[in-house]
>>> print(open('structure13.txt').read())   # compact mmCIF, C-alpha atoms
# COMPACT_ATOMS: atom_id res chain seq x y z
CA MET H 1 8.79 -48.82 -24.00
CA LEU H 2 9.48 -45.12 -24.13
CA LYS H 3 7.89 -44.70 -27.55
CA ASP H 4 4.57 -46.02 -26.21
CA GLN H 5 4.39 -43.35 -23.52
CA LYS H 6 2.16 -40.34 -23.94
CA ILE H 7 4.14 -37.11 -24.33
CA LYS H 8 2.72 -35.63 -21.12
CA ASN H 9 3.61 -38.76 -19.09
CA PHE H 10 7.06 -38.88 -20.67
CA LEU H 11 7.74 -35.25 -19.65
CA ASP H 12 6.44 -35.89 -16.11
CA THR H 13 8.70 -38.94 -15.70
CA LEU H 14 11.64 -37.09 -17.24
CA ALA H 15 11.23 -34.29 -14.67
CA SER H 16 10.82 -36.72 -11.75
CA LYS H 17 13.55 -38.28 -9.60
CA SER H 18 13.35 -41.45 -11.68
CA PRO H 19 16.80 -41.75 -13.30
CA THR H 20 15.31 -42.93 -16.63
CA PRO H 21 14.55 -41.52 -19.04
CA GLY H 22 17.43 -39.01 -18.84
CA GLY H 23 19.60 -36.92 -21.11
CA GLY H 24 20.69 -39.92 -23.19
CA SER H 25 17.30 -41.01 -24.44
CA VAL H 26 16.25 -37.37 -24.77
CA ALA H 27 19.20 -36.82 -27.12
CA ALA H 28 18.00 -39.73 -29.27
CA LEU H 29 14.42 -38.42 -29.22
CA THR H 30 15.68 -34.98 -30.27
CA GLY H 31 17.55 -36.59 -33.18
CA SER H 32 14.39 -38.44 -34.11
CA MET H 33 12.40 -35.17 -34.18
CA GLY H 34 15.10 -33.59 -36.35
CA ALA H 35 14.94 -36.48 -38.84
CA ALA H 36 11.12 -36.41 -38.73
CA LEU H 37 11.08 -32.71 -39.66
CA LEU H 38 13.26 -33.43 -42.72
CA SER H 39 10.86 -36.23 -43.64
CA MET H 40 7.96 -33.80 -43.29
CA VAL H 41 9.61 -31.38 -45.72
CA GLY H 42 10.22 -34.31 -48.09
CA ASN H 43 6.62 -35.52 -47.86
CA LEU H 44 5.34 -31.99 -48.52
CA THR H 45 7.60 -31.68 -51.59
CA ILE H 46 6.97 -34.99 -53.35
CA GLY H 47 4.08 -34.86 -55.82
CA LYS H 48 4.15 -31.06 -56.21
CA ARG H 49 4.49 -30.01 -59.86
CA LYS H 50 6.79 -27.14 -58.94
CA TYR H 51 9.33 -29.56 -57.45
CA ILE H 52 9.15 -32.33 -60.06
CA HIS H 53 12.75 -31.62 -61.16
CA VAL H 54 14.07 -32.53 -57.68
CA GLU H 55 11.61 -35.35 -56.94
CA ASP H 56 14.18 -38.14 -57.27
CA ASP H 57 16.58 -36.36 -54.93
CA ILE H 58 13.85 -35.69 -52.41
CA LYS H 59 12.76 -39.34 -52.51
CA ARG H 60 16.34 -40.41 -51.78
CA LEU H 61 16.63 -37.90 -48.92
CA LEU H 62 13.27 -38.97 -47.48
CA LYS H 63 14.31 -42.61 -47.51
CA ARG H 64 17.47 -41.65 -45.63
CA SER H 65 15.71 -39.47 -43.04
CA GLU H 66 13.14 -42.18 -42.36
CA ILE H 67 15.86 -44.80 -41.77
CA LEU H 68 17.64 -42.40 -39.40
CA ARG H 69 14.38 -41.69 -37.57
CA ALA H 70 13.89 -45.43 -36.98
CA ASP H 71 17.52 -45.74 -35.81
CA PHE H 72 17.00 -42.98 -33.25
CA GLU H 73 13.79 -44.56 -32.00
CA GLU H 74 15.75 -47.76 -31.33
CA LEU H 75 18.58 -45.84 -29.65
CA MET H 76 16.08 -44.16 -27.29
CA GLU H 77 15.23 -47.58 -25.87
CA ARG H 78 18.82 -48.86 -25.99
CA ASP H 79 19.98 -45.93 -23.87
CA ILE H 80 17.49 -46.79 -21.13
CA GLU H 81 18.53 -50.46 -21.24
CA ALA H 82 22.21 -49.55 -20.95
CA PHE H 83 21.49 -47.31 -17.99
CA ASN H 84 19.38 -49.94 -16.22
CA GLN H 85 22.12 -52.50 -16.83
CA PHE H 86 24.65 -50.17 -15.25
CA MET H 87 22.38 -49.53 -12.25
CA ALA H 88 21.89 -53.27 -11.72
CA ILE H 89 25.65 -53.80 -11.63
CA MET H 90 26.01 -50.94 -9.13
CA LYS H 91 23.88 -52.99 -6.76
CA LEU H 92 26.07 -56.13 -6.95
CA PRO H 93 27.70 -57.16 -3.65
CA LYS H 94 31.16 -55.74 -2.94
CA GLU H 95 32.14 -57.42 0.28
CA THR H 96 34.92 -59.83 -0.70
CA GLU H 97 37.86 -58.93 -2.92
CA GLU H 98 36.50 -61.35 -5.52
CA GLN H 99 33.10 -59.66 -5.52
CA LYS H 100 34.74 -56.26 -5.83
CA GLU H 101 36.81 -57.35 -8.82
CA ASP H 102 33.81 -59.03 -10.49
CA ARG H 103 31.70 -55.90 -9.96
CA ARG H 104 34.46 -53.65 -11.29
CA LYS H 105 34.88 -55.72 -14.48
CA LYS H 106 31.13 -55.87 -15.16
CA MET H 107 30.83 -52.17 -14.54
CA GLN H 108 33.54 -51.41 -17.07
CA ILE H 109 31.70 -53.44 -19.73
CA ALA H 110 28.44 -51.66 -18.88
CA LEU H 111 30.17 -48.26 -19.01
CA ILE H 112 31.51 -48.97 -22.48
CA GLU H 113 28.00 -49.81 -23.69
CA ALA H 114 26.70 -46.68 -21.91
CA ALA H 115 29.22 -44.67 -23.94
CA ASN H 116 28.57 -46.54 -27.19
CA VAL H 117 24.88 -45.65 -27.27
CA PRO H 118 25.36 -41.85 -27.25
CA LEU H 119 28.30 -42.31 -29.65
CA GLU H 120 25.89 -43.96 -32.06
CA VAL H 121 23.39 -41.13 -31.45
CA ALA H 122 26.16 -38.65 -32.34
CA ARG H 123 27.01 -40.58 -35.55
CA LYS H 124 23.36 -40.67 -36.62
CA SER H 125 22.89 -36.98 -35.75
CA LEU H 126 25.84 -36.18 -37.98
CA GLU H 127 24.11 -38.09 -40.79
CA VAL H 128 21.01 -35.93 -40.28
CA LEU H 129 23.21 -32.82 -40.38
CA ASN H 130 24.75 -34.13 -43.60
CA ILE H 131 21.39 -34.08 -45.42
CA CYS H 132 19.88 -30.92 -43.90
CA GLN H 133 21.44 -28.54 -46.41
CA GLU H 134 20.21 -30.50 -49.41
CA VAL H 135 16.69 -30.73 -47.94
CA ALA H 136 16.75 -26.97 -47.27
CA ASN H 137 18.00 -26.33 -50.81
CA LYS H 138 15.61 -28.59 -52.68
CA GLY H 139 12.56 -28.90 -50.42
CA ASN H 140 9.22 -27.07 -50.66
CA LYS H 141 10.12 -23.50 -49.72
CA ASN H 142 6.83 -22.97 -47.90
CA VAL H 143 7.84 -25.40 -45.17
CA ILE H 144 11.52 -24.62 -45.35
CA SER H 145 11.67 -23.39 -41.75
CA ASP H 146 11.04 -27.01 -40.73
CA ALA H 147 14.29 -28.01 -42.46
CA GLY H 148 16.02 -25.31 -40.42
CA VAL H 149 14.49 -26.52 -37.15
CA GLY H 150 15.44 -30.06 -38.20
CA ALA H 151 19.08 -28.94 -38.50
CA ILE H 152 18.98 -27.15 -35.12
CA LEU H 153 17.58 -30.27 -33.43
CA ALA H 154 20.08 -32.57 -35.15
CA GLU H 155 22.91 -30.41 -33.82
CA ALA H 156 21.37 -30.36 -30.33
CA ALA H 157 21.09 -34.17 -30.45
CA PHE H 158 24.70 -34.34 -31.60
CA ASP H 159 25.99 -32.01 -28.86
CA SER H 160 23.95 -33.77 -26.15
CA ALA H 161 25.21 -37.17 -27.28
CA ILE H 162 28.85 -36.01 -27.35
CA LEU H 163 28.44 -34.59 -23.83
CA ASN H 164 27.07 -37.95 -22.66
CA VAL H 165 29.98 -39.84 -24.23
CA LYS H 166 32.44 -37.50 -22.49
CA ILE H 167 30.71 -37.98 -19.14
CA ASN H 168 30.79 -41.76 -19.47
CA LEU H 169 34.39 -41.65 -20.68
CA ALA H 170 35.43 -40.23 -17.31
CA MET H 171 34.65 -43.51 -15.59
CA ILE H 172 36.12 -45.88 -18.17
CA GLN H 173 39.47 -47.22 -16.96
CA GLU H 174 40.90 -48.98 -20.01
CA GLU H 175 43.29 -46.56 -21.72
CA LYS H 176 42.87 -48.05 -25.21
CA VAL H 177 39.07 -47.66 -25.06
CA LYS H 178 39.38 -44.12 -23.69
CA SER H 179 41.78 -43.10 -26.41
CA ASN H 180 39.62 -44.60 -29.20
CA LEU H 181 36.56 -42.81 -27.87
CA ASN H 182 38.46 -39.54 -27.61
CA HIS H 183 39.65 -39.83 -31.20
CA GLU H 184 36.20 -40.55 -32.51
CA ILE H 185 34.76 -37.60 -30.59
CA GLU H 186 37.39 -35.35 -32.21
CA ASP H 187 36.59 -36.69 -35.68
CA LEU H 188 32.85 -36.31 -35.23
CA LEU H 189 33.19 -32.75 -33.91
CA GLY H 190 35.27 -31.82 -36.95
CA LEU H 191 32.76 -33.35 -39.36
CA ALA H 192 29.70 -31.73 -37.74
CA ARG H 193 31.13 -28.22 -37.50
CA GLY H 194 29.22 -25.54 -39.42
CA LYS H 195 26.59 -27.88 -40.90
CA LYS H 196 23.65 -26.57 -38.87
CA ASP H 197 24.65 -22.96 -39.53
CA ASN H 198 24.84 -23.60 -43.28
CA ALA H 199 21.36 -25.16 -43.34
CA VAL H 200 19.86 -22.29 -41.31
CA GLU H 201 21.53 -19.78 -43.64
CA ILE H 202 19.92 -21.43 -46.68
CA VAL H 203 16.53 -21.27 -44.94
CA LEU H 204 16.91 -17.57 -44.12
CA LYS H 205 18.05 -16.76 -47.67
CA LYS H 206 15.01 -18.51 -49.15
CA ASN H 207 12.90 -16.61 -46.68
CA ILE H 208 14.07 -13.28 -48.07
CA ASN H 209 12.71 -14.41 -51.40
CA ILE H 210 9.38 -15.31 -49.82
CA GLU H 211 9.33 -11.84 -48.26
CA LYS H 212 9.70 -10.33 -51.69
CA SER H 213 6.81 -12.31 -53.13
CA LYS H 214 4.61 -11.94 -49.99
CA THR H 215 2.64 -15.05 -50.79
CA ILE H 216 2.51 -18.47 -49.27
CA ASN H 217 0.86 -21.73 -50.24
CA VAL H 218 1.60 -24.75 -48.04
CA MET I 1 -4.13 -32.57 -27.82
CA LEU I 2 -0.48 -33.08 -28.71
CA LYS I 3 0.52 -33.97 -25.15
CA ASP I 4 -1.94 -36.89 -25.14
CA GLN I 5 -0.28 -38.48 -28.17
CA LYS I 6 2.06 -41.40 -27.79
CA ILE I 7 5.66 -40.53 -28.69
CA LYS I 8 5.74 -42.97 -31.60
CA ASN I 9 2.48 -41.59 -33.07
CA PHE I 10 3.69 -38.05 -32.57
CA LEU I 11 6.92 -38.79 -34.49
CA ASP I 12 4.99 -40.53 -37.28
CA THR I 13 2.61 -37.56 -37.66
CA LEU I 14 5.51 -35.12 -37.48
CA ALA I 15 7.26 -36.92 -40.35
CA SER I 16 4.07 -37.16 -42.43
CA LYS I 17 2.71 -34.59 -44.88
CA SER I 18 0.30 -33.33 -42.22
CA PRO I 19 1.37 -29.71 -41.66
CA THR I 20 0.84 -29.98 -37.86
CA PRO I 21 2.66 -30.63 -35.67
CA GLY I 22 5.64 -28.83 -37.23
CA GLY I 23 8.77 -26.98 -36.20
CA GLY I 24 6.87 -24.58 -33.95
CA SER I 25 5.38 -27.10 -31.56
CA VAL I 26 8.58 -29.17 -31.71
CA ALA I 27 10.50 -26.09 -30.50
CA ALA I 28 8.12 -25.83 -27.52
CA LEU I 29 8.43 -29.56 -26.81
CA THR I 30 12.22 -29.26 -26.92
CA GLY I 31 12.04 -26.42 -24.41
CA SER I 32 9.82 -28.54 -22.23
CA MET I 33 12.35 -31.40 -22.29
CA GLY I 34 15.12 -28.95 -21.38
CA ALA I 35 13.13 -27.66 -18.40
CA ALA I 36 12.20 -31.24 -17.41
CA LEU I 37 15.88 -32.25 -17.31
CA LEU I 38 16.65 -29.36 -14.94
CA SER I 39 13.72 -30.48 -12.79
CA MET I 40 15.14 -34.02 -12.79
CA VAL I 41 18.49 -32.74 -11.52
CA GLY I 42 16.62 -30.75 -8.86
CA ASN I 43 14.54 -33.74 -7.79
CA LEU I 44 17.67 -35.91 -7.54
CA THR I 45 19.40 -33.27 -5.39
CA ILE I 46 16.68 -32.43 -2.85
CA GLY I 47 16.79 -34.63 0.26
CA LYS I 48 20.44 -35.68 -0.20
CA ARG I 49 22.53 -34.90 2.89
CA LYS I 50 25.51 -33.88 0.77
CA TYR I 51 23.48 -31.09 -0.86
CA ILE I 52 21.63 -29.83 2.22
CA HIS I 53 23.50 -26.50 2.05
CA VAL I 54 21.99 -25.73 -1.38
CA GLU I 55 18.57 -27.26 -0.77
CA ASP I 56 16.71 -23.92 -0.59
CA ASP I 57 18.29 -22.77 -3.86
CA ILE I 58 17.50 -26.04 -5.57
CA LYS I 59 13.87 -25.87 -4.38
CA ARG I 60 13.59 -22.37 -5.86
CA LEU I 61 15.15 -23.52 -9.17
CA LEU I 62 12.90 -26.58 -9.32
CA LYS I 63 9.80 -24.44 -8.79
CA ARG I 64 10.95 -22.24 -11.68
CA SER I 65 11.78 -25.11 -14.06
CA GLU I 66 8.43 -26.76 -13.38
CA ILE I 67 6.51 -23.54 -14.14
CA LEU I 68 8.49 -23.17 -17.37
CA ARG I 69 7.80 -26.79 -18.31
CA ALA I 70 4.05 -26.18 -17.91
CA ASP I 71 4.34 -22.98 -20.00
CA PHE I 72 6.03 -24.89 -22.82
CA GLU I 73 3.39 -27.62 -22.73
CA GLU I 74 0.74 -24.93 -23.21
CA LEU I 75 2.74 -23.28 -26.03
CA MET I 76 2.98 -26.63 -27.87
CA GLU I 77 -0.81 -26.64 -28.21
CA ARG I 78 -1.06 -22.89 -28.86
CA ASP I 79 1.34 -23.19 -31.81
CA ILE I 80 -0.88 -25.80 -33.46
CA GLU I 81 -3.98 -23.65 -32.87
CA ALA I 82 -2.27 -20.61 -34.40
CA PHE I 83 -1.26 -22.61 -37.45
CA ASN I 84 -4.73 -24.10 -37.91
CA GLN I 85 -6.23 -20.62 -37.59
CA PHE I 86 -3.89 -19.39 -40.31
CA MET I 87 -4.74 -22.32 -42.58
CA ALA I 88 -8.48 -21.70 -42.11
CA ILE I 89 -8.04 -18.08 -43.17
CA MET I 90 -6.02 -19.18 -46.23
CA LYS I 91 -9.16 -21.01 -47.38
CA LEU I 92 -11.44 -17.95 -47.14
CA PRO I 93 -12.93 -16.82 -50.49
CA LYS I 94 -10.94 -14.24 -52.44
CA GLU I 95 -13.22 -13.46 -55.35
CA THR I 96 -14.46 -9.94 -54.73
CA GLU I 97 -12.25 -7.02 -53.69
CA GLU I 98 -14.09 -6.94 -50.35
CA GLN I 99 -13.37 -10.63 -49.74
CA LYS I 100 -9.72 -10.14 -50.66
CA GLU I 101 -9.36 -7.23 -48.22
CA ASP I 102 -11.19 -9.11 -45.45
CA ARG I 103 -8.97 -12.16 -46.01
CA ARG I 104 -5.81 -10.04 -46.06
CA LYS I 105 -6.70 -8.34 -42.76
CA LYS I 106 -7.59 -11.59 -41.00
CA MET I 107 -4.42 -13.19 -42.31
CA GLN I 108 -2.30 -10.38 -40.88
CA ILE I 109 -3.87 -10.87 -37.43
CA ALA I 110 -3.28 -14.64 -37.66
CA LEU I 111 0.32 -14.09 -38.78
CA ILE I 112 1.01 -11.86 -35.78
CA GLU I 113 -0.30 -14.59 -33.45
CA ALA I 114 1.75 -17.16 -35.42
CA ALA I 115 4.84 -15.02 -34.68
CA ASN I 116 3.88 -14.35 -31.05
CA VAL I 117 3.79 -18.03 -30.10
CA PRO I 118 7.43 -18.78 -31.07
CA LEU I 119 8.43 -15.42 -29.59
CA GLU I 120 6.99 -16.60 -26.29
CA VAL I 121 8.81 -19.94 -26.73
CA ALA I 122 12.06 -17.99 -27.24
CA ARG I 123 11.41 -15.90 -24.08
CA LYS I 124 10.72 -19.02 -22.00
CA SER I 125 13.76 -20.81 -23.45
CA LEU I 126 15.89 -17.85 -22.40
CA GLU I 127 14.49 -18.27 -18.87
CA VAL I 128 15.57 -21.92 -18.92
CA LEU I 129 19.02 -20.85 -20.12
CA ASN I 130 19.11 -18.32 -17.27
CA ILE I 131 18.85 -21.05 -14.61
CA CYS I 132 20.96 -23.79 -16.27
CA GLN I 133 24.27 -22.56 -14.87
CA GLU I 134 23.00 -22.44 -11.31
CA VAL I 135 21.50 -25.93 -11.63
CA ALA I 136 24.80 -27.22 -13.06
CA ASN I 137 26.72 -25.50 -10.25
CA LYS I 138 24.59 -26.61 -7.33
CA GLY I 139 22.88 -29.81 -8.51
CA ASN I 140 23.81 -33.42 -7.72
CA LYS I 141 27.05 -33.93 -9.60
CA ASN I 142 26.20 -37.54 -10.48
CA VAL I 143 23.41 -36.38 -12.81
CA ILE I 144 25.12 -33.20 -13.87
CA SER I 145 25.23 -34.21 -17.53
CA ASP I 146 21.45 -33.86 -17.52
CA ALA I 147 21.83 -30.17 -16.63
CA GLY I 148 24.18 -29.86 -19.62
CA VAL I 149 21.73 -31.58 -21.97
CA GLY I 150 19.00 -29.35 -20.50
CA ALA I 151 21.03 -26.30 -21.51
CA ILE I 152 21.68 -27.67 -25.02
CA LEU I 153 17.97 -28.34 -25.54
CA ALA I 154 16.97 -24.94 -24.16
CA GLU I 155 19.29 -23.29 -26.68
CA ALA I 156 17.93 -25.47 -29.50
CA ALA I 157 14.38 -24.50 -28.51
CA PHE I 158 15.45 -20.85 -28.44
CA ASP I 159 17.14 -20.99 -31.87
CA SER I 160 14.23 -22.89 -33.42
CA ALA I 161 11.73 -20.41 -32.02
CA ILE I 162 13.73 -17.40 -33.23
CA LEU I 163 13.91 -18.97 -36.71
CA ASN I 164 10.14 -19.42 -36.69
CA VAL I 165 9.58 -15.80 -35.65
CA LYS I 166 11.85 -14.64 -38.48
CA ILE I 167 10.01 -16.78 -41.02
CA ASN I 168 6.62 -15.45 -39.92
CA LEU I 169 7.97 -11.91 -39.87
CA ALA I 170 8.58 -12.10 -43.59
CA MET I 171 4.86 -12.15 -44.28
CA ILE I 172 3.79 -9.49 -41.79
CA GLN I 173 3.03 -6.24 -43.58
CA GLU I 174 2.63 -3.69 -40.77
CA GLU I 175 5.95 -1.91 -40.38
CA LYS I 176 5.49 -1.07 -36.69
CA VAL I 177 4.85 -4.74 -35.83
CA LYS I 178 7.82 -5.86 -37.95
CA SER I 179 10.14 -3.39 -36.31
CA ASN I 180 9.03 -4.32 -32.76
CA LEU I 181 9.53 -8.01 -33.51
CA ASN I 182 12.97 -7.35 -34.99
CA HIS I 183 14.01 -5.39 -31.93
CA GLU I 184 12.85 -8.08 -29.54
CA ILE I 185 14.68 -10.74 -31.57
CA GLU I 186 17.88 -8.68 -31.28
CA ASP I 187 17.43 -8.23 -27.53
CA LEU I 188 16.72 -11.94 -26.95
CA LEU I 189 19.72 -13.02 -29.04
CA GLY I 190 21.97 -10.75 -27.00
CA LEU I 191 20.62 -12.06 -23.70
CA ALA I 192 20.89 -15.75 -24.68
CA ARG I 193 24.42 -15.59 -26.06
CA GLY I 194 26.97 -17.80 -24.29
CA LYS I 195 24.58 -19.17 -21.66
CA LYS I 196 24.48 -22.74 -22.98
CA ASP I 197 28.26 -22.82 -23.42
CA ASN I 198 28.78 -21.64 -19.85
CA ALA I 199 26.50 -24.34 -18.46
CA VAL I 200 28.19 -27.07 -20.52
CA GLU I 201 31.59 -25.83 -19.37
CA ILE I 202 30.54 -26.14 -15.72
CA VAL I 203 29.34 -29.71 -16.40
CA LEU I 204 32.63 -30.68 -18.06
CA LYS I 205 34.68 -29.14 -15.25
CA LYS I 206 32.72 -31.06 -12.61
CA ASN I 207 33.24 -34.16 -14.71
CA ILE I 208 37.01 -33.84 -14.46
CA ASN I 209 36.57 -34.03 -10.70
CA ILE I 210 34.45 -37.18 -11.04
CA GLU I 211 37.20 -38.62 -13.22
CA LYS I 212 39.67 -38.02 -10.43
CA SER I 213 37.52 -39.73 -7.80
CA LYS I 214 36.44 -42.57 -10.17
CA THR I 215 33.30 -43.27 -8.17
CA ILE I 216 29.65 -42.64 -8.85
CA ASN I 217 26.52 -42.93 -6.77
CA VAL I 218 23.27 -41.72 -8.35
>>> encode(input="structure13.txt", output="structure tokens")
Amino acid sequence: MLKDQKIKNFLDTLASKSPTPGGGSVAALTGSMGAALLSMVGNLTIGKRKYIHVEDDIKRLLKRSEILRADFEELMERDIEAFNQFMAIMKLPKETEEQKEDRRKKMQIALIEAANVPLEVARKSLEVLNICQEVANKGNKNVISDAGVGAILAEAAFDSAILNVKINLAMIQEEKVKSNLNHEIEDLLGLARGKKDNAVEIVLKKNINIEKSKTINV
Amino acid sequence: MLKDQKIKNFLDTLASKSPTPGGGSVAALTGSMGAALLSMVGNLTIGKRKYIHVEDDIKRLLKRSEILRADFEELMERDIEAFNQFMAIMKLPKETEEQKEDRRKKMQIALIEAANVPLEVARKSLEVLNICQEVANKGNKNVISDAGVGAILAEAAFDSAILNVKINLAMIQEEKVKSNLNHEIEDLLGLARGKKDNAVEIVLKKNINIEKSKTINV
């Protein structure tokens, strides 16, 4: 499994001519790192006297970011499975008309799954984006840059996933499926817009206050 | 070392209250994944008859992306070292005036290093962004989405690194250092602007052509 690989080996395999892992699982891993950074901010806020008034909110946010992190970790593996499935179907015989038709049908099913995985990554990335601002607003200000990086990574995961859906869409033949996917992409893009920028803005504003006080205690 | 950690353990530690790894090393890792994806496209292009006319260019780009990937892997570790150094200085005694002054001076040196590491990550991310378009233009079109995701991750690494420089900047006292850092941030932002979008646009345009041909062979 991807998650059991050492980072160095993972990067070497990613760079190699091996088709997996590729951009799909990397998008899920990026989402997972974004969620993990929000969890880190949460974990470094809970139990601090200064933040006792937001502790319940932070606990709720941490629970959410940890569920999302687990979801992404699962999607990392699911993306590789979907790709391998697709590659296996590519190798099916295509000599007779019957074989060709069978291969075509199976490929269409595999392509829909190959589009559904990044679509799910995009949905989960949007959920991370949805909580970034609150984490940046309420979290321990000494690690607030991590909430900002979390937002940047969540958006990168989102954009990468959307790109992967679009690429897979190009090979899907069924018009109804294509149109549904296109509509969901539009909706997701509308919902995600501006969320990363807002979170980063909160981080930079808090930072101006740190600058004024010139002190830091992690 | 971070690179010897398993992905799952890395994500667990990232999410925990342990202050390292944090957003800084994650930015470097993201840059490394971006460079690795460009290398993957290169490796899946070299040796293919269809791409023989661009083989020399692809070899040059691959050499570049692999050097950048190694640079990022080094910066991942250097970021953790810089942070640990800073934390060690935070713990120095501050009872006498002499101790306070000694601690303040050491902390300023550590803060400059803590800003220099993400600055270097931003510079390297810009270099990845600089080659994304050419990889997307010349690389194997069947894995072209990976060049797009590479560009998205390179920009995310860049933005995360710039945010980390800005955050560290807030605590640096020496005006000359602050002003130099601010100028370099401005220059880098100007140079990076639009590069990811251009690469993604190339990917989407190529994809329209795939859509027309409705075939794929990785």
>>> closest_residue(input="structure13.txt", among="H:Ala114, H:Val203, H:Ala154, H:Val26", to="H:Asn142", atoms="all atoms listed in the file")
H:Val203
>>> closest_residue(input="structure13.txt", among="I:Lys124, I:Lys17, I:Lys105, I:Lys63", to="I:Ile89", atoms="all atoms listed in the file")
I:Lys105
>>> residues_around(input="structure13.txt", residues="stretch 190-196 of chain H", least_positions_apart="5", cutoff="7 Å", atoms="all atoms listed in the file", output="list in words")
Leu126, Leu129, Ala151, Ile152 and Glu155 of chain H
>>> interface_residues(input="structure13.txt", of="chain H", to="chain I", cutoff="6 Å", atoms="all atoms listed in the file", output="VMD selection string")
chain H and resid 3 to 8 14 to 17 23 36 to 37 39 to 40 43 to 44 146 149 152 156 160 170 to 171 211 214
>>> write_last_selection(input="structure13.txt", atoms="C-alpha atoms", output="mmCIF file, in the coordinates of the input")
data_model
loop_
_atom_site.group_PDB
_atom_site.id
_atom_site.type_symbol
_atom_site.label_atom_id
_atom_site.label_comp_id
_atom_site.auth_asym_id
_atom_site.auth_seq_id
_atom_site.Cartn_x
_atom_site.Cartn_y
_atom_site.Cartn_z
ATOM 1 C CA LYS H 3 7.890 -44.700 -27.550
ATOM 2 C CA ASP H 4 4.570 -46.020 -26.210
ATOM 3 C CA GLN H 5 4.390 -43.350 -23.520
ATOM 4 C CA LYS H 6 2.160 -40.340 -23.940
ATOM 5 C CA ILE H 7 4.140 -37.110 -24.330
ATOM 6 C CA LYS H 8 2.720 -35.630 -21.120
ATOM 7 C CA LEU H 14 11.640 -37.090 -17.240
ATOM 8 C CA ALA H 15 11.230 -34.290 -14.670
ATOM 9 C CA SER H 16 10.820 -36.720 -11.750
ATOM 10 C CA LYS H 17 13.550 -38.280 -9.600
ATOM 11 C CA GLY H 23 19.600 -36.920 -21.110
ATOM 12 C CA ALA H 36 11.120 -36.410 -38.730
ATOM 13 C CA LEU H 37 11.080 -32.710 -39.660
ATOM 14 C CA SER H 39 10.860 -36.230 -43.640
ATOM 15 C CA MET H 40 7.960 -33.800 -43.290
ATOM 16 C CA ASN H 43 6.620 -35.520 -47.860
ATOM 17 C CA LEU H 44 5.340 -31.990 -48.520
ATOM 18 C CA ASP H 146 11.040 -27.010 -40.730
ATOM 19 C CA VAL H 149 14.490 -26.520 -37.150
ATOM 20 C CA ILE H 152 18.980 -27.150 -35.120
ATOM 21 C CA ALA H 156 21.370 -30.360 -30.330
ATOM 22 C CA SER H 160 23.950 -33.770 -26.150
ATOM 23 C CA ALA H 170 35.430 -40.230 -17.310
ATOM 24 C CA MET H 171 34.650 -43.510 -15.590
ATOM 25 C CA GLU H 211 9.330 -11.840 -48.260
ATOM 26 C CA LYS H 214 4.610 -11.940 -49.990
#
>>> atom_distance(input="structure13.txt", atom1="atom CA of I:Tyr51", atom2="atom CA of I:Lys141")
9.9 Å
>>> atom_distance(input="structure13.txt", atom1="atom CA of I:Glu77", atom2="atom CA of I:Ala28")
9.0 Å
>>> atom_distance(input="structure13.txt", atom1="atom CA of I:Glu113", atom2="atom CA of H:Asp197")
27.0 Å
>>> axis_aligned_box(input="structure13.txt", around="stretch 27-37 of chain I", padding_each_side="6 Å", output="lines of an AutoDock Vina configuration file")
center_x = 12.0
center_y = -29.0
center_z = -23.9
size_x = 19.8
size_y = 18.4
size_z = 25.2
>>> residues_near_point(input="structure13.txt", point="(-7.7, -20.9, -43.8)", cutoff="12 Å", atoms="all atoms listed in the file", output="PyMOL selection string")
(chain H and resi 216-218) or (chain I and resi 81-94+103-104+106-107+110-111)
>>> closest_residue(input="structure13.txt", among="H:Arg78, H:Glu101, H:Asp56, H:Leu68", to="H:Ser125", atoms="only C-alpha atoms")
H:Leu68
>>> residues_around(input="structure13.txt", residues="H:Asp57", least_positions_apart="4", cutoff="9 Å", atoms="all atoms listed in the file", output="list in words")
His53, Leu61, Leu62, Glu134, Val135 and Lys138 of chain H
